[in-house]
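What follows is protein.pdb (PDB, C-alpha atoms).
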ATOM      1  CA  MET A  16      37.063  23.248  -7.480
ATOM      2  CA  GLU A  17      35.476  25.886  -9.589
ATOM      3  CA  ASP A  18      32.267  27.561  -8.470
ATOM      4  CA  ARG A  19      30.427  26.173 -11.503
ATOM      5  CA  THR A  20      31.474  22.590 -10.684
ATOM      6  CA  ILE A  21      30.432  23.012  -7.042
ATOM      7  CA  LYS A  22      27.024  24.333  -8.137
ATOM      8  CA  ILE A  23      26.487  21.394 -10.519
ATOM      9  CA  VAL A  24      27.495  18.844  -7.876
ATOM     10  CA  SER A  25      25.277  20.542  -5.263
ATOM     11  CA  LEU A  26      22.283  20.660  -7.604
ATOM     12  CA  SER A  27      22.771  17.010  -8.573
ATOM     13  CA  LEU A  28      22.954  15.908  -4.944
ATOM     14  CA  ALA A  29      19.878  17.986  -4.081
ATOM     15  CA  ILE A  30      17.880  16.355  -6.883
ATOM     16  CA  ILE A  31      18.995  12.876  -5.813
ATOM     17  CA  GLY A  32      18.089  13.668  -2.197
ATOM     18  CA  ILE A  33      14.636  14.994  -3.047
ATOM     19  CA  THR A  34      13.935  11.969  -5.234
ATOM     20  CA  GLY A  35      15.053   9.648  -2.432
ATOM     21  CA  LEU A  36      12.875  11.422   0.123
ATOM     22  CA  GLY A  37       9.894  11.131  -2.188
ATOM     23  CA  ALA A  38      10.415   7.399  -2.613
ATOM     24  CA  VAL A  39      10.835   6.843   1.123
ATOM     25  CA  SER A  40       7.787   8.948   2.011
ATOM     26  CA  LEU A  41       5.570   6.775  -0.196
ATOM     27  CA  GLN A  42       6.353   3.753   1.906
ATOM     28  CA  SER A  43       7.210   5.183   5.305
ATOM     29  CA  GLY A  44       4.737   5.015   8.110
ATOM     30  CA  TYR A  45       3.354   1.615   7.091
ATOM     31  CA  THR A  46       3.833  -1.234   9.520
ATOM     32  CA  PRO A  47       4.256  -4.633   7.865
ATOM     33  CA  VAL A  48       1.829  -7.114   9.439
ATOM     34  CA  ASN A  49       0.370 -10.528   8.775
ATOM     35  CA  ILE A  50      -3.351 -10.484   8.129
ATOM     36  CA  TYR A  51      -4.115 -12.676  11.156
ATOM     37  CA  GLU A  52      -2.404 -10.071  13.402
ATOM     38  CA  ILE A  53      -4.847  -7.294  12.485
ATOM     39  CA  SER A  54      -7.335  -6.436  15.220
ATOM     40  CA  GLU A  55      -9.846  -3.709  16.075
ATOM     41  CA  ASN A  56      -7.303  -1.922  18.280
ATOM     42  CA  MET A  57      -5.288  -1.253  15.095
ATOM     43  CA  ALA A  58      -8.116   0.842  13.576
ATOM     44  CA  GLY A  59      -6.655   3.927  11.926
ATOM     45  CA  LYS A  60      -3.110   2.529  11.722
ATOM     46  CA  LYS A  61      -1.230   2.376   8.441
ATOM     47  CA  VAL A  62      -0.245  -1.175   7.528
ATOM     48  CA  VAL A  63       1.192  -3.110   4.625
ATOM     49  CA  VAL A  64       0.017  -6.677   4.029
ATOM     50  CA  ASN A  65       0.617  -9.158   1.275
ATOM     51  CA  GLY A  66      -1.178 -12.289   0.280
ATOM     52  CA  THR A  67      -3.250 -14.010  -2.354
ATOM     53  CA  VAL A  68      -6.448 -12.555  -3.769
ATOM     54  CA  HIS A  69      -9.331 -14.735  -2.523
ATOM     55  CA  SER A  70     -12.125 -12.812  -4.268
ATOM     56  CA  SER A  71     -12.392  -9.541  -6.161
ATOM     57  CA  TYR A  72     -14.843  -7.300  -7.979
ATOM     58  CA  VAL A  73     -14.975  -3.722  -9.227
ATOM     59  CA  ARG A  74     -18.036  -1.499  -8.838
ATOM     60  CA  GLU A  75     -18.098   2.084 -10.081
ATOM     61  CA  ASN A  76     -14.283   2.124 -10.303
ATOM     62  CA  ASN A  77     -13.961   0.974  -6.670
ATOM     63  CA  LEU A  78     -12.086  -2.273  -6.006
ATOM     64  CA  PHE A  79     -13.428  -4.682  -3.390
ATOM     65  CA  MET A  80     -11.442  -7.808  -2.629
ATOM     66  CA  SER A  81     -10.518 -10.305   0.038
ATOM     67  CA  LEU A  82      -6.845 -10.987   0.645
ATOM     68  CA  GLU A  83      -5.534 -14.031   2.451
ATOM     69  CA  ASP A  84      -2.321 -15.333   3.943
ATOM     70  CA  SER A  85      -2.785 -17.271   7.170
ATOM     71  CA  GLY A  86      -5.864 -15.079   7.710
ATOM     72  CA  ILE A  87      -8.294 -13.234   5.457
ATOM     73  CA  ILE A  88      -9.357  -9.574   5.343
ATOM     74  CA  LYS A  89     -11.529  -7.376   3.156
ATOM     75  CA  ILE A  90      -9.801  -4.673   1.123
ATOM     76  CA  VAL A  91     -11.477  -1.660  -0.444
ATOM     77  CA  MET A  92      -9.827   0.890  -2.692
ATOM     78  CA  PHE A  93     -11.874   3.834  -3.902
ATOM     79  CA  ASN A  94     -11.329   5.190  -7.430
ATOM     80  CA  SER A  95      -8.719   2.507  -7.917
ATOM     81  CA  GLY A  96      -8.700   2.034 -11.673
ATOM     82  CA  ILE A  97      -7.175  -1.409 -11.076
ATOM     83  CA  SER A  98      -8.463  -4.948 -10.867
ATOM     84  CA  ALA A  99      -7.228  -8.188  -9.368
ATOM     85  CA  SER A 100      -8.057 -11.796 -10.111
ATOM     86  CA  LYS A 101      -8.457 -14.703  -7.733
ATOM     87  CA  GLY A 102      -5.113 -16.368  -7.100
ATOM     88  CA  GLU A 103      -2.958 -13.323  -7.903
ATOM     89  CA  ARG A 104      -0.462 -12.093  -5.338
ATOM     90  CA  ALA A 105      -0.993  -8.564  -4.019
ATOM     91  CA  VAL A 106       0.684  -6.101  -1.685
ATOM     92  CA  VAL A 107      -1.681  -3.624  -0.024
ATOM     93  CA  TYR A 108      -0.742  -0.342   1.680
ATOM     94  CA  GLY A 109      -3.592   1.221   3.650
ATOM     95  CA  ARG A 110      -5.361   1.965   6.914
ATOM     96  CA  VAL A 111      -7.121  -0.540   9.116
ATOM     97  CA  ASN A 112     -10.817   0.240   9.438
ATOM     98  CA  VAL A 113     -13.871  -1.292  11.107
ATOM     99  CA  TYR A 114     -16.950  -1.171   8.859
ATOM    100  CA  LYS A 115     -20.225  -2.761   9.946
ATOM    101  CA  ASN A 116     -18.368  -4.534  12.767
ATOM    102  CA  GLU A 117     -15.909  -6.153  10.334
ATOM    103  CA  LEU A 118     -12.224  -5.434   9.877
ATOM    104  CA  GLU A 119     -11.083  -4.119   6.523
ATOM    105  CA  ILE A 120      -8.222  -2.193   5.006
ATOM    106  CA  VAL A 121      -8.950   0.969   3.085
ATOM    107  CA  ALA A 122      -6.150   0.804   0.550
ATOM    108  CA  GLU A 123      -4.043   3.753  -0.542
ATOM    109  CA  LYS A 124      -1.848   1.670  -2.855
ATOM    110  CA  ILE A 125      -2.140  -1.850  -4.226
ATOM    111  CA  ILE A 126       0.499  -3.703  -6.218
ATOM    112  CA  VAL A 127      -0.938  -6.727  -8.031
ATOM    113  CA  GLY A 128       1.233  -9.377  -9.623
ATOM    114  CA  ASP A 129       4.523 -11.050  -8.871
ATOM    115  CA  SER A 130       5.461  -9.574  -5.523
TER     116      SER A 130
END
Could you express the structure from this file as structure tokens?
Amino acid sequence: MEDRTIKIVSLSLAIIGITGLGAVSLQSGYTPVNIYEISENMAGKKVVVNGTVHSSYVRENNLFMSLEDSGIIKIVMFNSGISASKGERAVVYGRVNVYKNELEIVAEKIIVGDS
């Protein structure tokens, strides 16, 4: 192979690898759990949950909602710029938190819609 061809192949593979690492890093570190499994001893842990929006409102660009599957939990996402309606499906990536003695997830990413 010519040097030029090797450089092009190497650069292409490097770009593909970096893109792949970026995609994986967005979702790595999150443990998939059911809402009913979340407990206070999980505070601070990164989780991913999915369910149906039970209630939702936006205040000052912050999203507050309840998500349910076989359990229900409060979700908050600061500076979200998104909204969700009752009955929509949602996938939430975030950290478990205890606020005023209640469990919640402080979301880092929320995907609303067919999921």
TODO: Within 8 Å of stretch 62-78 of chain A, counting only C-alpha atoms, which residues show up once you throw out same-chain ones fewer than 4 positions away? Write them as a count of residues only, please.
DONE: 32
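The gap separating atom CA of A:Ala58 from atom CA of A:Asn112 is 5.0 Å, in Å to one decimal.
Reported to one decimal place, the separation of atom CA of A:Lys124 from atom CA of A:Glu55 is 21.2 Å.
Nearest residue to A:Val113, choosing from A:Ile126, A:Ile87, A:Met57, A:Met80 and counting all atoms listed in the file: A:Met57.
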- [ ] One decimal, Å: what's the distance from atom CA of A:Ile88 over to atom CA of A:Asn56, could you say?
- [x] 15.2 Å
Axis-aligned box for all listed atoms of stretch 107-111 of chain A, 8 Å per side, centre and edges in Å to one decimal, as JSON:
{"center_x": -3.9, "center_y": -0.8, "center_z": 4.5, "size_x": 22.4, "size_y": 21.6, "size_z": 25.1}
